[in-house]
file target21.cif (mmCIF, C-alpha atoms)
data_input
#
loop_
_atom_site.group_PDB
_atom_site.id
_atom_site.type_symbol
_atom_site.label_atom_id
_atom_site.label_comp_id
_atom_site.auth_asym_id
_atom_site.auth_seq_id
_atom_site.Cartn_x
_atom_site.Cartn_y
_atom_site.Cartn_z
ATOM 1 C CA MET A 3 54.465 -9.610 1.264
ATOM 2 C CA THR A 4 54.203 -13.314 2.084
ATOM 3 C CA ALA A 5 52.277 -15.403 -0.414
ATOM 4 C CA ARG A 6 50.257 -18.354 0.879
ATOM 5 C CA VAL A 7 49.039 -21.043 -1.485
ATOM 6 C CA LEU A 8 47.162 -24.035 -0.096
ATOM 7 C CA PHE A 9 46.726 -26.997 -2.408
ATOM 8 C CA LEU A 10 44.080 -29.493 -1.297
ATOM 9 C CA SER A 11 44.225 -32.940 -2.839
ATOM 10 C CA ALA A 12 40.967 -34.185 -4.301
ATOM 11 C CA ALA A 13 38.725 -36.776 -2.644
ATOM 12 C CA THR A 14 38.850 -40.441 -3.610
ATOM 13 C CA SER A 15 37.378 -41.833 -6.794
ATOM 14 C CA ARG A 16 37.175 -45.246 -8.421
ATOM 15 C CA SER A 17 40.130 -44.368 -10.678
ATOM 16 C CA LEU A 18 42.279 -43.515 -7.679
ATOM 17 C CA ARG A 19 41.333 -46.708 -5.843
ATOM 18 C CA LEU A 20 42.143 -48.833 -8.914
ATOM 19 C CA ALA A 21 45.424 -46.998 -9.713
ATOM 20 C CA ARG A 22 43.868 -46.035 -13.048
ATOM 21 C CA PHE A 23 44.899 -43.022 -15.094
ATOM 22 C CA ASP A 24 42.127 -40.500 -14.548
ATOM 23 C CA ASP A 25 39.300 -40.822 -17.007
ATOM 24 C CA GLY A 26 36.987 -38.175 -15.610
ATOM 25 C CA ASP A 27 35.093 -40.363 -13.184
ATOM 26 C CA PRO A 28 33.309 -38.749 -10.206
ATOM 27 C CA ILE A 29 34.418 -38.783 -6.604
ATOM 28 C CA ASP A 30 32.995 -41.784 -4.780
ATOM 29 C CA ALA A 31 30.387 -41.627 -2.008
ATOM 30 C CA ALA A 32 32.981 -42.056 0.746
ATOM 31 C CA GLY A 33 35.153 -39.285 -0.710
ATOM 32 C CA ALA A 34 32.176 -36.923 -1.007
ATOM 33 C CA ALA A 35 31.151 -37.616 2.603
ATOM 34 C CA GLN A 36 34.708 -37.036 3.848
ATOM 35 C CA ALA A 37 34.905 -33.762 1.928
ATOM 36 C CA ARG A 38 31.591 -32.530 3.358
ATOM 37 C CA ALA A 39 32.753 -33.469 6.866
ATOM 38 C CA ALA A 40 36.044 -31.615 6.369
ATOM 39 C CA ALA A 41 34.471 -28.430 4.996
ATOM 40 C CA ALA A 42 34.398 -26.727 8.405
ATOM 41 C CA SER A 43 38.180 -27.073 8.740
ATOM 42 C CA LEU A 44 38.940 -24.976 5.650
ATOM 43 C CA PRO A 45 40.671 -21.664 6.226
ATOM 44 C CA SER A 46 39.349 -18.486 4.690
ATOM 45 C CA ALA A 47 40.914 -17.513 1.373
ATOM 46 C CA ALA A 48 41.050 -14.461 -0.858
ATOM 47 C CA ARG A 49 40.588 -16.700 -3.898
ATOM 48 C CA THR A 50 39.653 -20.307 -4.613
ATOM 49 C CA ALA A 51 40.365 -22.433 -7.658
ATOM 50 C CA SER A 52 40.359 -26.026 -8.768
ATOM 51 C CA SER A 53 41.824 -28.230 -11.406
ATOM 52 C CA PRO A 54 39.318 -28.405 -14.263
ATOM 53 C CA GLY A 55 39.056 -32.199 -13.785
ATOM 54 C CA ARG A 56 35.742 -33.594 -12.591
ATOM 55 C CA ARG A 57 37.154 -35.102 -9.389
ATOM 56 C CA CYS A 58 38.585 -31.748 -8.289
ATOM 57 C CA ARG A 59 35.473 -29.761 -9.220
ATOM 58 C CA GLU A 60 33.258 -32.213 -7.321
ATOM 59 C CA THR A 61 35.579 -32.158 -4.300
ATOM 60 C CA ALA A 62 35.513 -28.350 -4.284
ATOM 61 C CA ALA A 63 31.713 -28.397 -4.418
ATOM 62 C CA ALA A 64 31.508 -30.944 -1.569
ATOM 63 C CA LEU A 65 33.796 -28.679 0.463
ATOM 64 C CA GLY A 66 31.410 -25.786 -0.183
ATOM 65 C CA LEU A 67 33.897 -23.851 -2.329
ATOM 66 C CA ASP A 68 32.926 -21.708 -5.281
ATOM 67 C CA ALA A 69 36.163 -22.576 -7.066
ATOM 68 C CA ALA A 70 36.913 -21.397 -10.596
ATOM 69 C CA PRO A 71 38.549 -24.059 -12.795
ATOM 70 C CA ASP A 72 42.182 -23.152 -13.542
ATOM 71 C CA PRO A 73 43.610 -24.872 -16.658
ATOM 72 C CA GLU A 74 47.176 -24.300 -15.420
ATOM 73 C CA LEU A 75 46.358 -26.523 -12.413
ATOM 74 C CA ALA A 76 45.056 -29.425 -14.516
ATOM 75 C CA GLY A 77 46.248 -32.929 -13.710
ATOM 76 C CA LEU A 78 48.846 -34.654 -15.850
ATOM 77 C CA ASP A 79 47.643 -35.483 -19.368
ATOM 78 C CA ALA A 80 48.258 -39.239 -19.657
ATOM 79 C CA GLY A 81 47.442 -39.312 -23.362
ATOM 80 C CA ARG A 82 46.372 -42.710 -24.653
ATOM 81 C CA TRP A 83 46.846 -44.291 -21.199
ATOM 82 C CA ARG A 84 43.834 -42.391 -19.903
ATOM 83 C CA GLY A 85 41.341 -44.803 -18.312
ATOM 84 C CA ARG A 86 43.824 -47.700 -18.127
ATOM 85 C CA THR A 87 45.237 -49.061 -14.883
ATOM 86 C CA LEU A 88 48.936 -48.992 -14.147
ATOM 87 C CA ASP A 89 48.935 -52.815 -14.249
ATOM 88 C CA GLU A 90 47.281 -52.815 -17.676
ATOM 89 C CA VAL A 91 49.827 -50.379 -19.074
ATOM 90 C CA GLY A 92 52.662 -52.321 -17.434
ATOM 91 C CA ALA A 93 51.492 -55.563 -19.033
ATOM 92 C CA ALA A 94 50.952 -54.050 -22.497
ATOM 93 C CA GLU A 95 53.860 -51.572 -22.617
ATOM 94 C CA PRO A 96 56.408 -52.435 -19.915
ATOM 95 C CA ASP A 97 59.313 -50.603 -21.560
ATOM 96 C CA ALA A 98 57.267 -47.448 -22.163
ATOM 97 C CA LEU A 99 55.994 -47.424 -18.579
ATOM 98 C CA ALA A 100 59.493 -47.964 -17.185
ATOM 99 C CA ARG A 101 60.837 -45.127 -19.343
ATOM 100 C CA TRP A 102 58.031 -42.794 -18.222
ATOM 101 C CA LEU A 103 58.657 -43.551 -14.542
ATOM 102 C CA ALA A 104 62.435 -43.115 -14.851
ATOM 103 C CA ASP A 105 62.773 -40.171 -17.224
ATOM 104 C CA PRO A 106 60.921 -36.925 -16.353
ATOM 105 C CA ALA A 107 61.172 -35.795 -20.005
ATOM 106 C CA ALA A 108 59.514 -38.952 -21.386
ATOM 107 C CA ALA A 109 55.909 -38.973 -22.601
ATOM 108 C CA PRO A 110 55.473 -42.346 -24.330
ATOM 109 C CA HIS A 111 51.690 -42.116 -23.875
ATOM 110 C CA GLY A 112 51.571 -39.097 -26.188
ATOM 111 C CA GLY A 113 50.425 -36.759 -23.422
ATOM 112 C CA GLU A 114 52.417 -34.617 -21.029
ATOM 113 C CA SER A 115 55.786 -35.432 -19.486
ATOM 114 C CA VAL A 116 56.475 -34.973 -15.790
ATOM 115 C CA ARG A 117 58.929 -32.216 -16.766
ATOM 116 C CA ASN A 118 56.238 -30.354 -18.701
ATOM 117 C CA LEU A 119 53.820 -30.726 -15.796
ATOM 118 C CA CYS A 120 56.427 -29.363 -13.361
ATOM 119 C CA ASP A 121 57.138 -26.425 -15.677
ATOM 120 C CA ARG A 122 53.434 -25.580 -16.041
ATOM 121 C CA VAL A 123 52.650 -25.872 -12.324
ATOM 122 C CA GLY A 124 55.840 -24.018 -11.398
ATOM 123 C CA ARG A 125 54.829 -21.069 -13.594
ATOM 124 C CA ARG A 126 51.389 -20.985 -11.962
ATOM 125 C CA LEU A 127 52.890 -21.147 -8.469
ATOM 126 C CA GLN A 128 55.153 -18.196 -9.296
ATOM 127 C CA ALA A 129 52.161 -16.232 -10.601
ATOM 128 C CA LEU A 130 50.268 -16.973 -7.378
ATOM 129 C CA ALA A 131 53.289 -15.713 -5.428
ATOM 130 C CA ARG A 132 52.526 -12.235 -6.768
ATOM 131 C CA THR A 133 48.950 -12.182 -5.424
ATOM 132 C CA ASP A 134 47.769 -10.774 -2.132
ATOM 133 C CA GLY A 135 46.061 -12.993 0.427
ATOM 134 C CA ARG A 136 45.644 -16.735 0.650
ATOM 135 C CA THR A 137 44.868 -18.912 -2.383
ATOM 136 C CA LEU A 138 43.060 -22.209 -1.840
ATOM 137 C CA ALA A 139 42.950 -24.692 -4.742
ATOM 138 C CA VAL A 140 41.657 -28.258 -5.061
ATOM 139 C CA VAL A 141 44.018 -30.177 -7.331
ATOM 140 C CA GLU A 142 45.175 -33.647 -8.297
ATOM 141 C CA PRO A 143 48.050 -35.234 -6.325
ATOM 142 C CA GLU A 144 50.456 -34.903 -9.238
ATOM 143 C CA VAL A 145 49.944 -31.127 -9.258
ATOM 144 C CA ILE A 146 50.987 -31.005 -5.600
ATOM 145 C CA ARG A 147 54.020 -33.180 -6.353
ATOM 146 C CA ALA A 148 55.010 -30.879 -9.222
ATOM 147 C CA ALA A 149 54.557 -27.777 -7.056
ATOM 148 C CA ALA A 150 56.706 -29.285 -4.296
ATOM 149 C CA VAL A 151 59.457 -30.170 -6.776
ATOM 150 C CA CYS A 152 59.474 -26.586 -8.081
ATOM 151 C CA ALA A 153 59.055 -24.809 -4.762
ATOM 152 C CA VAL A 154 62.010 -26.367 -2.972
ATOM 153 C CA GLY A 155 64.220 -27.136 -5.967
ATOM 154 C CA LEU A 156 63.992 -30.922 -5.852
ATOM 155 C CA PRO A 157 65.255 -32.898 -8.818
ATOM 156 C CA GLU A 158 62.385 -33.885 -11.112
ATOM 157 C CA GLU A 159 63.241 -37.546 -10.438
ATOM 158 C CA ALA A 160 61.910 -37.022 -6.888
ATOM 159 C CA PHE A 161 58.397 -36.471 -8.275
ATOM 160 C CA TRP A 162 57.366 -40.139 -7.884
ATOM 161 C CA ARG A 163 58.762 -40.317 -4.325
ATOM 162 C CA LEU A 164 56.230 -37.819 -2.976
ATOM 163 C CA ASP A 165 52.975 -39.343 -1.696
ATOM 164 C CA VAL A 166 49.883 -37.149 -1.508
ATOM 165 C CA PRO A 167 46.884 -38.750 0.243
ATOM 166 C CA PRO A 168 43.342 -37.631 -0.630
ATOM 167 C CA LEU A 169 41.868 -34.631 1.204
ATOM 168 C CA THR A 170 45.131 -33.352 2.616
ATOM 169 C CA VAL A 171 46.428 -29.818 2.437
ATOM 170 C CA THR A 172 49.938 -28.804 1.398
ATOM 171 C CA GLU A 173 50.815 -25.206 2.175
ATOM 172 C CA PHE A 174 53.312 -23.133 0.228
ATOM 173 C CA SER A 175 54.339 -19.882 1.861
ATOM 174 C CA GLY A 176 57.018 -17.616 0.577
ATOM 175 C CA ARG A 177 58.436 -14.261 -0.274
ATOM 176 C CA ALA A 178 61.228 -12.932 -2.451
ATOM 177 C CA GLY A 179 61.215 -16.047 -4.628
ATOM 178 C CA ARG A 180 61.765 -18.496 -1.760
ATOM 179 C CA TRP A 181 59.125 -21.020 -0.689
ATOM 180 C CA ASN A 182 58.588 -22.943 2.517
ATOM 181 C CA LEU A 183 56.520 -26.098 2.443
ATOM 182 C CA ARG A 184 54.149 -27.593 4.989
ATOM 183 C CA LEU A 185 53.100 -31.036 3.803
ATOM 184 C CA GLY A 186 49.958 -33.116 3.754
ATOM 185 C CA ARG A 187 47.835 -32.345 6.807
ATOM 186 C CA PRO A 188 44.400 -33.991 6.784
ATOM 187 C CA LEU A 189 41.635 -31.397 6.705
ATOM 188 C CA ALA A 190 39.510 -33.015 9.414
ATOM 189 C CA SER A 191 42.358 -33.305 11.912
ATOM 190 C CA SER A 192 43.269 -29.671 11.380
ATOM 191 C CA ALA A 193 39.898 -28.688 12.816
ATOM 192 C CA GLU A 194 40.015 -31.247 15.614
ATOM 193 C CA ASP A 195 43.406 -30.279 16.962
ATOM 194 C CA GLY A 196 42.976 -26.538 16.449
ATOM 195 C CA SER A 197 46.016 -26.236 14.226
ATOM 196 C CA GLY A 198 44.116 -25.398 11.044
ATOM 197 C CA PRO A 199 46.002 -24.161 7.996
ATOM 198 C CA ARG A 200 47.597 -20.742 8.393
#
call {"tool": "encode", "arguments": {"input": "target21.cif", "output": "structure tokens"}}
result
Amino acid sequence: MTARVLFLSAATSRSLRLARFDDGDPIDAAGAAQARAAAASLPSAARTASSPGRRCRETAAALGLDAAPDPELAGLDAGRWRGRTLDEVGAAEPDALARWLADPAAAPHGGESVRNLCDRVGRRLQALARTDGRTLAVVEPEVIRAAAVCAVGLPEEAFWRLDVPPLTVTEFSGRAGRWNLRLGRPLASSAEDGSGPR
């Protein structure tokens, strides 16, 4: 049996545009419109899910998905940095920010480390590997980064080197404990060029 897991990155929001740690703000009007326009390019799926965060739930709704929130696919908990921009944190706590970006085990904000996120998402990906049919989930970019790190055995330090644009799909397909990765295709172009997600 080949497992197929498609992670769709959430639409844009004000937090994303400002490089602000997510504070539960909604997707913006442009992101909602792009999601609605891309809905026709979604593949069928045996199951749908989303991160429990507002941005992911709203993106799933705009895509026309009846997606159940999955706590294991939640975005990174940034602790007391939640709602602050990267520049604000860098100005107030430069050493803590540098440590967090360099050390996957660090969590100076009091939330979740990159290592803990990778462990959590990796466990969920392995559980999804044991399910039949395609899984489609709307998640935050850091969840896709963590899944990619786990799926292909990248060092955790590579986490920050993986860019995940909004409303792109990353496909994980695998069997016997081995994953293949197809990265970041825009949903709208999938429909236009006929190469939709498999």
call {"tool": "resolve_selection", "arguments": {"input": "target21.cif", "expression": "the PyMOL selection byres ((chain A and resi 46) around 10)", "output": "VMD selection string"}}
result
chain A and resid 43 to 45 47 to 50 135 to 138 199 to 200
call {"tool": "atom_distance", "arguments": {"input": "target21.cif", "atom1": "CA of Leu130 in chain A", "atom2": "CA of Val151 in chain A"}}
result
16.1 Å
call {"tool": "residues_around", "arguments": {"input": "target21.cif", "residues": "range 163-173 of chain A", "least_positions_apart": "5", "cutoff": "6 Å", "atoms": "all atoms listed in the file", "output": "VMD selection string"}}
result
chain A and resid 7 to 13 143 183 to 189
call {"tool": "residues_near_point", "arguments": {"input": "target21.cif", "point": "(41.9, -50.7, -17.3)", "cutoff": "10 Å", "atoms": "all atoms listed in the file", "output": "ChimeraX atom specification"}}
result
/A:17,20-23,83-91
call {"tool": "resolve_selection", "arguments": {"input": "target21.cif", "expression": "the PyMOL selection byres ((chain A and resi 57) around 9)", "output": "VMD selection string"}}
result
chain A and resid 12 to 15 24 26 to 29 53 to 56 58 to 62 141 to 142
call {"tool": "atom_distance", "arguments": {"input": "target21.cif", "atom1": "CA of Ala160 in chain A", "atom2": "CA of Ala131 in chain A"}}
result
23.0 Å
call {"tool": "atom_distance", "arguments": {"input": "target21.cif", "atom1": "CA of Asp79 in chain A", "atom2": "CA of Trp181 in chain A"}}
result
26.3 Å
call {"tool": "residues_near_point", "arguments": {"input": "target21.cif", "point": "(53.8, -22.8, -14.8)", "cutoff": "12 Å", "atoms": "all atoms listed in the file", "output": "PDB file with C-alpha atoms, keeping the file's coordinate frame"}}
result
ATOM      1  CA  ASP A  72      42.182 -23.152 -13.542  1.00  0.00           C
ATOM      2  CA  PRO A  73      43.610 -24.872 -16.658  1.00  0.00           C
ATOM      3  CA  GLU A  74      47.176 -24.300 -15.420  1.00  0.00           C
ATOM      4  CA  LEU A  75      46.358 -26.523 -12.413  1.00  0.00           C
ATOM      5  CA  ALA A  76      45.056 -29.425 -14.516  1.00  0.00           C
ATOM      6  CA  ARG A 117      58.929 -32.216 -16.766  1.00  0.00           C
ATOM      7  CA  ASN A 118      56.238 -30.354 -18.701  1.00  0.00           C
ATOM      8  CA  LEU A 119      53.820 -30.726 -15.796  1.00  0.00           C
ATOM      9  CA  CYS A 120      56.427 -29.363 -13.361  1.00  0.00           C
ATOM     10  CA  ASP A 121      57.138 -26.425 -15.677  1.00  0.00           C
ATOM     11  CA  ARG A 122      53.434 -25.580 -16.041  1.00  0.00           C
ATOM     12  CA  VAL A 123      52.650 -25.872 -12.324  1.00  0.00           C
ATOM     13  CA  GLY A 124      55.840 -24.018 -11.398  1.00  0.00           C
ATOM     14  CA  ARG A 125      54.829 -21.069 -13.594  1.00  0.00           C
ATOM     15  CA  ARG A 126      51.389 -20.985 -11.962  1.00  0.00           C
ATOM     16  CA  LEU A 127      52.890 -21.147  -8.469  1.00  0.00           C
ATOM     17  CA  GLN A 128      55.153 -18.196  -9.296  1.00  0.00           C
ATOM     18  CA  ALA A 129      52.161 -16.232 -10.601  1.00  0.00           C
ATOM     19  CA  LEU A 130      50.268 -16.973  -7.378  1.00  0.00           C
ATOM     20  CA  ALA A 131      53.289 -15.713  -5.428  1.00  0.00           C
ATOM     21  CA  VAL A 145      49.944 -31.127  -9.258  1.00  0.00           C
ATOM     22  CA  ALA A 148      55.010 -30.879  -9.222  1.00  0.00           C
ATOM     23  CA  ALA A 149      54.557 -27.777  -7.056  1.00  0.00           C
ATOM     24  CA  CYS A 152      59.474 -26.586  -8.081  1.00  0.00           C
ATOM     25  CA  ALA A 153      59.055 -24.809  -4.762  1.00  0.00           C
TER      26      ALA A 153
END
